[in-house]
There are 2 protein chains.
Amino acid sequence: MTEYILAKHISKYLDKEVTLKGWVYNIRKSGKIWFLIFRDGTEFIQCVVLKNDVSEEIFELKNTLTQESSLAITGIVQEAPRQEAGYELLVKNIEVIHVAEEYPIALKDHGVDFLMDNRHLWLRSRLPYAIMKIRAEVEKACRDFFDERDFTLVDSPMFTPNAAEGSTTLFETKYFDRKAYLTQSGQLYSEAAIMALNRTYCFGPCFRAEKSKTRRHLTEFWMIEPEMAFFDIFDDMDLAEEFVEYLVQRALKNCRRELEILDRDITKLEAIQRPFPRITYDEALELLTKKGFDIKFGDDLGAPHETAIAEEYNKPVMIWRWPTESKAFYMKRDPEDEKYVLGVDMIAPEGHGEIIGGSQREEDINVLLERIEKEDLPKEDFEWFLDIRRYGSVPHSGFGLGLERTVGWICGTHHVRECIPWPRTMGRLKP
Amino acid sequence: MTEYILAKHISKYLDKEVTLKGWVYNIRKSGKIWFLIFRDGTEFIQCVVLKNDVSEEIFELKNTLTQESSLAITGIVQEAPRQEAGYELLVKNIEVIHVAEEYPIALKDHGVDFLMDNRHLWLRSRLPYAIMKIRAEVEKACRDFFDERDFTLVDSPMFTPNAAEGSTTLFETKYFDRKAYLTQSGQLYSEAAIMALNRTYCFGPCFRAEKSKTRRHLTEFWMIEPEMAFFDIFDDMDLAEEFVEYLVQRALKNCRRELEILDRDITKLEAIQRPFPRITYDEALELLTKKGFDIKFGDDLGAPHETAIAEEYNKPVMIWRWPTESKAFYMKRDPEDEKYVLGVDMIAPEGHGEIIGGSQREEDINVLLERIEKEDLPKEDFEWFLDIRRYGSVPHSGFGLGLERTVGWICGTHHVRECIPWPRTMGRLKP
């Protein structure tokens, strides 16, 4: 029997007979020859069917095979430099596994709502396929980066016991006779974990009941959050910068084909090399004012601000040293001026918005207690978190990187919903 | 300034002066010398403080340093073959970062409830530390195994739109003006994804509102689920076997120290080599009857049955070819006898229970429709899933491996709650 191979390995089988198993992507007919663009989920391959090479029954399949029908196809591997894959198959035999009903997603334009309703089928198309490949590579790169740097993966919990930060964007769940809330970030848990394991990361789903219908928001998204004992804000920014450079360079190295399918401007990604520009919040304010924005000290930056700042650079830009009142209670105050905290946001180029938020954490229990009181947070819910400062408190820092926004930037997609296999938004919970 | 290093790299600095940063694990005093067992989350190191080598102030720290106080400690790296780490530090200087309050977890026995209430601190102790290290290695091994074998990671969603399988163990969430349910398995989504990407896996949290308080159940656990186009049940079992062997051998190779900390019987793990025994459900029934169990065809196997079967082997055992009525609607019926489906469970040795459940999936839409109708499942909720069989249906298979049970088996722990950083059970939602 001929060897069954995955199409991605075709180059190793030049002049050999192999069997591929997969689906009809497209068919072009031309008299005594027809071309089957075939996909098996690992590669797209042109298969050439010559009238003289196959039985009549097989040659006539050109009239009955529908798009997405499944096949086992046997033939000889040939070089084909003009083909995307570099190789094609000279067909000897076709075994039809299943003739597909009329496929709802023809090779033409559809509205995005229709495509999203058919996400389970749309994933088979070239663009979603390429984005999913890049997403998987970026996820692997995320893990490799930290695994290679003495970090230990420590998964944070999805169920959390209380709405401690009092947010309106929490999802609530019935938990037997109680209520539980779905996690928005693993940070507080990671702060405990690094006291046991020094450098940790968590990487999993996070949930935000965001009512905003922007192109940057999902209710369910993946976030990777490294946390490091004995790191200050500068160590934190150095690591964030190295990390983002690494992700982009890995995608460039291992996903060149997929970036080409997406028509991504590669030169823009090649420019993503350290160092990245770093500006303070005050400098950002100055820049925005110069650009005509009406913004004052203490205001948070919105998407239009981020885009306006990003326009100034061809690399991600880090904005740090934020007004204390604009940021979360756990950020460390700048010892030089308590008006500021040692937080940092990283804004991606080309309007893709904030991809990283991080900070040095407050390690002084008294400052933390003061902040908790001032913001009227329920102290009893934070007792375990305060324990981290009671028993061998140390300086520490961390950040979180949003996976879908990062993938969206690398792929150059307009909306983050295309960067997760099964997007969930305020309006979408299916399929 | 002396170089700051992580303790795990100490062997590279023999006879050099280095600085370590971390915490006091224990102190032993003896006249003109005292020993500080120091941990930095990457290694435990004995630090030797000689009266003649340090200032009086530093020597007297032996009386004021409490357990878990944080320090920066500078000294000369020396060989110490009798020490676990193989090296020790001859102390030159100690900088106290924070003197810990009296630590609630002394180095003595506590009840597990107390320890779990203090999970955020307990993680610093040697046994939980070792288990977390092994868990991280097993997770990495899971991903490496599939990444090296042409699989693409495709994350399944956490929010699902309906209680399609009608289970009583679903967690329900308010989703804006609707309801959503937390995923119990990514399988149905993976079945769609392989039609786009051929071989995929998802690896993330799953949720079951189990009311059972057994040592094998969590409400939130991690599961890795590979799914493969063109795999039949035998390919599926071959892969499951290769996978489990790989996980155990990786832990043996990279976590020897941690397994020793846990006092794990290494020889039991070394025996985990392919092939694993495979018995049919009927053979399992026969064995159980011989052992005195009152069990009849169609009954599911419970924990006592699993343990009784596992006792017969020193390797995981695969039980396959199950009664149709005992298994889910999507399993493929055995073409030789419709009384059976092509499902498989893998039972770990030593009473750790089922670690894998898998099957060949039904690819015929008519059989699937018949099953959906017979089990009175809401057909409309499965329309997208049925689409997989409408458009190029192919034979396919997959399985899911429960991470915590697998880690529990490898570590030899009694209860799965020790195998996840922040366990969630019916009775526990904190910290």
# chains A, B, ... in the order shown; residues from 1 in each chain; ligands from 1
>>> interface_residues(of="chain A", to="chain B", cutoff="6 Å", atoms="only C-alpha atoms", output="JSON, numbers by chain")
{"A": [41, 68, 69, 70, 98, 100, 101, 120, 123, 124, 136, 153, 157, 161, 172, 173, 192, 196, 197, 198, 390, 391, 392, 393, 422, 429]}
>>> write_last_selection(atoms="C-alpha atoms", output="JSON list (two decimals), in the first residue's frame")
[["chain", "number", "residue", "atom", "x", "y", "z"],
["A", 41, "GLY", "CA", -5.19, 21.06, 7.01],
["A", 68, "GLU", "CA", -15.17, 20.24, 0.68],
["A", 69, "SER", "CA", -15.76, 16.64, -0.36],
["A", 70, "SER", "CA", -13.31, 14.36, 1.42],
["A", 98, "HIS", "CA", -17.68, 11.63, 1.34],
["A", 100, "ALA", "CA", -20.13, 17.16, 0.52],
["A", 101, "GLU", "CA", -23.54, 18.78, 0.32],
["A", 120, "HIS", "CA", -16.99, 25.92, 12.34],
["A", 123, "LEU", "CA", -11.95, 27.92, 9.79],
["A", 124, "ARG", "CA", -11.31, 25.79, 6.68],
["A", 136, "ALA", "CA", -0.62, 28.57, 17.69],
["A", 153, "LEU", "CA", 4.09, 27.77, 34.75],
["A", 157, "PRO", "CA", -7.82, 29.71, 38.99],
["A", 161, "PRO", "CA", -14.56, 33.79, 45.42],
["A", 172, "GLU", "CA", -21.06, 35.76, 37.91],
["A", 173, "THR", "CA", -21.70, 32.01, 38.26],
["A", 192, "ALA", "CA", 1.63, 34.54, 45.86],
["A", 196, "ALA", "CA", 7.21, 29.93, 46.24],
["A", 197, "LEU", "CA", 8.73, 29.67, 42.76],
["A", 198, "ASN", "CA", 10.51, 33.00, 42.12],
["A", 390, "ARG", "CA", 3.48, 39.87, 56.00],
["A", 391, "TYR", "CA", 5.82, 36.94, 55.44],
["A", 392, "GLY", "CA", 9.02, 37.93, 53.67],
["A", 393, "SER", "CA", 7.76, 40.68, 51.38],
["A", 422, "TRP", "CA", -14.38, 30.57, 18.77],
["A", 429, "LEU", "CA", -22.00, 33.06, 21.99]]
>>> residues_around(residues="Trp322 in chain B", least_positions_apart="4", cutoff="8 Å", atoms="only C-alpha atoms", output="list in words")
Thr280, Tyr281, Asp282, Ser326, Lys327, Tyr340, Val341, Leu342, Gly343 and Val344 of chain B
>>> write_last_selection(atoms="N, CA, C and O atoms", output="PDB file, in the first residue's frame")
ATOM      1  N   THR B 280     -11.019  -5.611  26.504  1.00  0.00           N
ATOM      2  CA  THR B 280     -12.333  -5.088  26.151  1.00  0.00           C
ATOM      3  C   THR B 280     -13.160  -4.918  27.420  1.00  0.00           C
ATOM      4  O   THR B 280     -12.837  -5.483  28.473  1.00  0.00           O
ATOM      5  N   TYR B 281     -14.223  -4.182  27.286  1.00  0.00           N
ATOM      6  CA  TYR B 281     -15.177  -4.031  28.395  1.00  0.00           C
ATOM      7  C   TYR B 281     -15.659  -5.400  28.866  1.00  0.00           C
ATOM      8  O   TYR B 281     -15.758  -5.658  30.072  1.00  0.00           O
ATOM      9  N   ASP B 282     -15.951  -6.298  27.904  1.00  0.00           N
ATOM     10  CA  ASP B 282     -16.429  -7.631  28.266  1.00  0.00           C
ATOM     11  C   ASP B 282     -15.398  -8.372  29.107  1.00  0.00           C
ATOM     12  O   ASP B 282     -15.744  -9.034  30.097  1.00  0.00           O
ATOM     13  N   SER B 326     -23.817   2.925  27.502  1.00  0.00           N
ATOM     14  CA  SER B 326     -23.057   3.485  28.625  1.00  0.00           C
ATOM     15  C   SER B 326     -22.225   4.696  28.204  1.00  0.00           C
ATOM     16  O   SER B 326     -21.614   5.349  29.047  1.00  0.00           O
ATOM     17  N   LYS B 327     -22.196   4.999  26.915  1.00  0.00           N
ATOM     18  CA  LYS B 327     -21.291   6.044  26.442  1.00  0.00           C
ATOM     19  C   LYS B 327     -22.023   7.123  25.650  1.00  0.00           C
ATOM     20  O   LYS B 327     -23.168   6.953  25.247  1.00  0.00           O
ATOM     21  N   TYR B 340     -21.963  -2.314  20.705  1.00  0.00           N
ATOM     22  CA  TYR B 340     -20.737  -1.715  21.244  1.00  0.00           C
ATOM     23  C   TYR B 340     -20.375  -0.414  20.523  1.00  0.00           C
ATOM     24  O   TYR B 340     -20.707  -0.240  19.352  1.00  0.00           O
ATOM     25  N   VAL B 341     -19.682   0.453  21.250  1.00  0.00           N
ATOM     26  CA  VAL B 341     -19.072   1.620  20.592  1.00  0.00           C
ATOM     27  C   VAL B 341     -17.552   1.535  20.739  1.00  0.00           C
ATOM     28  O   VAL B 341     -17.029   0.881  21.645  1.00  0.00           O
ATOM     29  N   LEU B 342     -16.865   2.245  19.836  1.00  0.00           N
ATOM     30  CA  LEU B 342     -15.404   2.195  19.776  1.00  0.00           C
ATOM     31  C   LEU B 342     -14.792   3.232  20.718  1.00  0.00           C
ATOM     32  O   LEU B 342     -14.067   4.124  20.293  1.00  0.00           O
ATOM     33  N   GLY B 343     -15.140   3.113  21.978  1.00  0.00           N
ATOM     34  CA  GLY B 343     -14.598   4.015  22.991  1.00  0.00           C
ATOM     35  C   GLY B 343     -13.503   3.337  23.783  1.00  0.00           C
ATOM     36  O   GLY B 343     -13.415   2.104  23.803  1.00  0.00           O
ATOM     37  N   VAL B 344     -12.668   4.143  24.430  1.00  0.00           N
ATOM     38  CA  VAL B 344     -11.591   3.598  25.248  1.00  0.00           C
ATOM     39  C   VAL B 344     -11.374   4.464  26.484  1.00  0.00           C
ATOM     40  O   VAL B 344     -11.426   5.695  26.408  1.00  0.00           O
TER      41      VAL B 344
END
>>> residues_around(residues="range 237-241 of chain B", least_positions_apart="5", cutoff="8 Å", atoms="only C-alpha atoms", output="list in words")
Arg274, Pro275, Phe276, Met318, Val344, Ile356 and Phe399 of chain B
>>> closest_residue(among="A:Leu61, A:Ile410, A:Leu247, A:Ile319", to="Glu350 in chain A", atoms="only C-alpha atoms")
A:Ile410
>>> residues_around(residues="Leu369 in chain B", least_positions_apart="2", cutoff="10 Å", atoms="only C-alpha atoms", output="NGL selection string")
:B and (329-330 or 364-367 or 371-375 or 377 or 379 or 382 or 386)
>>> write_last_selection(atoms="all heavy atoms", output="short mmCIF file (atom, residue, chain, number, x, y, z; two decimals), in the first residue's frame")
data_model
loop_
_atom_site.label_atom_id
_atom_site.label_comp_id
_atom_site.auth_asym_id
_atom_site.auth_seq_id
_atom_site.Cartn_x
_atom_site.Cartn_y
_atom_site.Cartn_z
N PHE B 329 -23.29 9.95 22.87
CA PHE B 329 -23.93 9.74 21.57
C PHE B 329 -22.98 9.84 20.39
O PHE B 329 -23.25 9.34 19.31
CB PHE B 329 -25.06 10.77 21.38
CG PHE B 329 -24.56 12.16 21.06
CD1 PHE B 329 -24.51 12.62 19.75
CD2 PHE B 329 -24.12 13.01 22.06
CE1 PHE B 329 -24.03 13.89 19.45
CE2 PHE B 329 -23.64 14.27 21.77
CZ PHE B 329 -23.59 14.72 20.47
N TYR B 330 -21.84 10.54 20.57
CA TYR B 330 -20.97 10.81 19.41
C TYR B 330 -19.97 9.69 19.14
O TYR B 330 -19.18 9.77 18.21
CB TYR B 330 -20.22 12.12 19.62
CG TYR B 330 -19.54 12.21 20.97
CD1 TYR B 330 -18.43 11.43 21.25
CD2 TYR B 330 -20.03 13.06 21.97
CE1 TYR B 330 -17.82 11.48 22.49
CE2 TYR B 330 -19.42 13.11 23.22
CZ TYR B 330 -18.32 12.33 23.46
OH TYR B 330 -17.71 12.36 24.68
N ASP B 364 -21.05 9.19 10.40
CA ASP B 364 -22.24 9.07 9.56
C ASP B 364 -23.37 9.92 10.15
O ASP B 364 -23.84 9.67 11.26
CB ASP B 364 -22.65 7.60 9.47
CG ASP B 364 -23.83 7.38 8.53
OD1 ASP B 364 -24.75 8.23 8.52
OD2 ASP B 364 -23.82 6.37 7.83
N ILE B 365 -23.82 10.90 9.38
CA ILE B 365 -24.83 11.83 9.92
C ILE B 365 -26.13 11.11 10.28
O ILE B 365 -26.80 11.48 11.24
CB ILE B 365 -25.08 13.00 8.93
CG1 ILE B 365 -25.90 14.10 9.63
CG2 ILE B 365 -25.76 12.53 7.64
CD1 ILE B 365 -25.93 15.41 8.90
N ASN B 366 -26.46 10.06 9.56
CA ASN B 366 -27.72 9.38 9.84
C ASN B 366 -27.69 8.62 11.17
O ASN B 366 -28.64 8.66 11.94
CB ASN B 366 -28.09 8.45 8.68
CG ASN B 366 -28.39 9.26 7.43
OD1 ASN B 366 -29.05 10.31 7.50
ND2 ASN B 366 -27.85 8.82 6.30
N VAL B 367 -26.57 7.98 11.41
CA VAL B 367 -26.42 7.29 12.70
C VAL B 367 -26.45 8.31 13.84
O VAL B 367 -27.10 8.12 14.87
CB VAL B 367 -25.10 6.49 12.74
CG1 VAL B 367 -24.93 5.82 14.10
CG2 VAL B 367 -25.06 5.46 11.62
N ARG B 371 -29.06 8.65 16.99
CA ARG B 371 -28.63 8.68 18.40
C ARG B 371 -29.16 9.92 19.12
O ARG B 371 -29.59 9.86 20.28
CB ARG B 371 -27.09 8.66 18.51
CG ARG B 371 -26.41 7.38 18.08
CD ARG B 371 -26.57 6.23 19.07
NE ARG B 371 -26.12 6.49 20.42
CZ ARG B 371 -24.96 6.13 20.93
NH1 ARG B 371 -24.09 5.48 20.18
NH2 ARG B 371 -24.65 6.39 22.19
N ILE B 372 -29.11 11.06 18.43
CA ILE B 372 -29.59 12.31 19.03
C ILE B 372 -31.08 12.20 19.35
O ILE B 372 -31.54 12.63 20.41
CB ILE B 372 -29.28 13.50 18.08
CG1 ILE B 372 -27.78 13.82 18.15
CG2 ILE B 372 -30.12 14.72 18.41
CD1 ILE B 372 -27.30 14.84 17.13
N GLU B 373 -31.81 11.60 18.42
CA GLU B 373 -33.25 11.44 18.60
C GLU B 373 -33.54 10.47 19.75
O GLU B 373 -34.33 10.76 20.65
CB GLU B 373 -33.85 10.90 17.30
CG GLU B 373 -35.35 11.12 17.21
CD GLU B 373 -35.81 10.96 15.76
OE1 GLU B 373 -35.25 11.65 14.88
OE2 GLU B 373 -36.70 10.11 15.54
N LYS B 374 -32.84 9.35 19.74
CA LYS B 374 -33.07 8.31 20.74
C LYS B 374 -32.78 8.83 22.16
O LYS B 374 -33.46 8.50 23.11
CB LYS B 374 -32.16 7.12 20.43
CG LYS B 374 -32.56 5.86 21.16
CD LYS B 374 -31.83 4.63 20.62
CE LYS B 374 -32.05 3.45 21.55
NZ LYS B 374 -31.11 2.35 21.26
N GLU B 375 -31.75 9.68 22.24
CA GLU B 375 -31.40 10.19 23.57
C GLU B 375 -32.11 11.50 23.89
O GLU B 375 -31.84 12.14 24.89
CB GLU B 375 -29.87 10.37 23.67
CG GLU B 375 -29.15 9.04 23.52
CD GLU B 375 -27.69 9.09 23.91
OE1 GLU B 375 -27.28 10.05 24.63
OE2 GLU B 375 -26.94 8.20 23.50
N LEU B 377 -31.94 14.47 22.62
CA LEU B 377 -31.11 15.66 22.70
C LEU B 377 -31.68 16.72 21.75
O LEU B 377 -32.32 16.39 20.75
CB LEU B 377 -29.67 15.32 22.31
CG LEU B 377 -28.97 14.27 23.19
CD1 LEU B 377 -27.64 13.87 22.58
CD2 LEU B 377 -28.77 14.81 24.60
N LYS B 379 -31.88 18.68 18.83
CA LYS B 379 -31.19 18.61 17.54
C LYS B 379 -30.69 19.97 17.07
O LYS B 379 -29.58 20.09 16.53
CB LYS B 379 -32.14 18.01 16.49
CG LYS B 379 -31.52 17.89 15.10
CD LYS B 379 -32.38 17.05 14.16
CE LYS B 379 -31.91 17.21 12.73
NZ LYS B 379 -32.69 18.16 11.93
N PHE B 382 -27.31 21.05 17.88
CA PHE B 382 -26.22 20.29 17.28
C PHE B 382 -26.07 20.52 15.79
O PHE B 382 -25.28 19.85 15.14
CB PHE B 382 -26.41 18.79 17.56
CG PHE B 382 -26.17 18.43 18.99
CD1 PHE B 382 -27.23 18.16 19.84
CD2 PHE B 382 -24.88 18.37 19.50
CE1 PHE B 382 -27.01 17.83 21.17
CE2 PHE B 382 -24.65 18.03 20.82
CZ PHE B 382 -25.72 17.77 21.66
N LEU B 386 -23.43 18.82 13.36
CA LEU B 386 -23.83 17.92 12.27
C LEU B 386 -23.23 18.37 10.94
O LEU B 386 -22.96 17.55 10.06
CB LEU B 386 -25.37 17.87 12.19
CG LEU B 386 -26.02 17.16 13.40
CD1 LEU B 386 -27.53 17.42 13.41
CD2 LEU B 386 -25.75 15.65 13.35
#
>>> decode(residues="range 299-317 of chain A", atoms="N, CA and C atoms", output="CSV table (one decimal), in the first residue's frame")
chain,number,residue,atom,x,y,z
A,299,ASP,N,-6.5,61.7,33.5
A,299,ASP,CA,-7.3,61.0,32.6
A,299,ASP,C,-6.6,59.7,32.1
A,300,ASP,N,-7.4,58.7,31.9
A,300,ASP,CA,-6.9,57.5,31.3
A,300,ASP,C,-6.8,57.7,29.8
A,301,LEU,N,-6.0,56.9,29.1
A,301,LEU,CA,-5.9,57.0,27.7
A,301,LEU,C,-6.9,56.0,27.0
A,302,GLY,N,-7.6,56.5,26.1
A,302,GLY,CA,-8.5,55.7,25.3
A,302,GLY,C,-7.9,55.2,24.0
A,303,ALA,N,-8.7,54.5,23.2
A,303,ALA,CA,-8.2,54.0,22.0
A,303,ALA,C,-7.7,55.1,21.0
A,304,PRO,N,-8.4,56.2,20.9
A,304,PRO,CA,-7.9,57.2,19.9
A,304,PRO,C,-6.6,57.8,20.4
A,305,HIS,N,-6.4,58.0,21.7
A,305,HIS,CA,-5.2,58.5,22.2
A,305,HIS,C,-4.0,57.5,21.9
A,306,GLU,N,-4.3,56.2,22.2
A,306,GLU,CA,-3.3,55.2,21.9
A,306,GLU,C,-2.9,55.2,20.5
A,307,THR,N,-3.9,55.3,19.6
A,307,THR,CA,-3.6,55.2,18.2
A,307,THR,C,-2.7,56.5,17.8
A,308,ALA,N,-3.1,57.6,18.3
A,308,ALA,CA,-2.4,58.9,18.0
A,308,ALA,C,-0.9,58.8,18.5
A,309,ILE,N,-0.7,58.2,19.6
A,309,ILE,CA,0.7,58.0,20.1
A,309,ILE,C,1.5,57.0,19.3
A,310,ALA,N,0.8,55.9,19.0
A,310,ALA,CA,1.4,54.8,18.2
A,310,ALA,C,1.9,55.3,16.8
A,311,GLU,N,1.1,56.2,16.3
A,311,GLU,CA,1.5,56.8,14.9
A,311,GLU,C,2.9,57.4,14.9
A,312,GLU,N,3.4,57.8,16.0
A,312,GLU,CA,4.7,58.5,16.1
A,312,GLU,C,5.8,57.6,16.0
A,313,TYR,N,5.5,56.2,16.1
A,313,TYR,CA,6.6,55.3,16.1
A,313,TYR,C,6.4,54.1,15.2
A,314,ASN,N,7.4,53.4,14.8
A,314,ASN,CA,7.3,52.2,14.0
A,314,ASN,C,7.5,51.0,14.9
A,315,LYS,N,7.5,51.2,16.2
A,315,LYS,CA,7.7,50.1,17.1
A,315,LYS,C,6.7,50.2,18.2
A,316,PRO,N,6.5,49.2,19.0
A,316,PRO,CA,5.6,49.4,20.2
A,316,PRO,C,6.2,50.5,21.1
A,317,VAL,N,5.4,51.2,21.7
A,317,VAL,CA,5.8,52.3,22.6
A,317,VAL,C,5.4,52.0,24.1
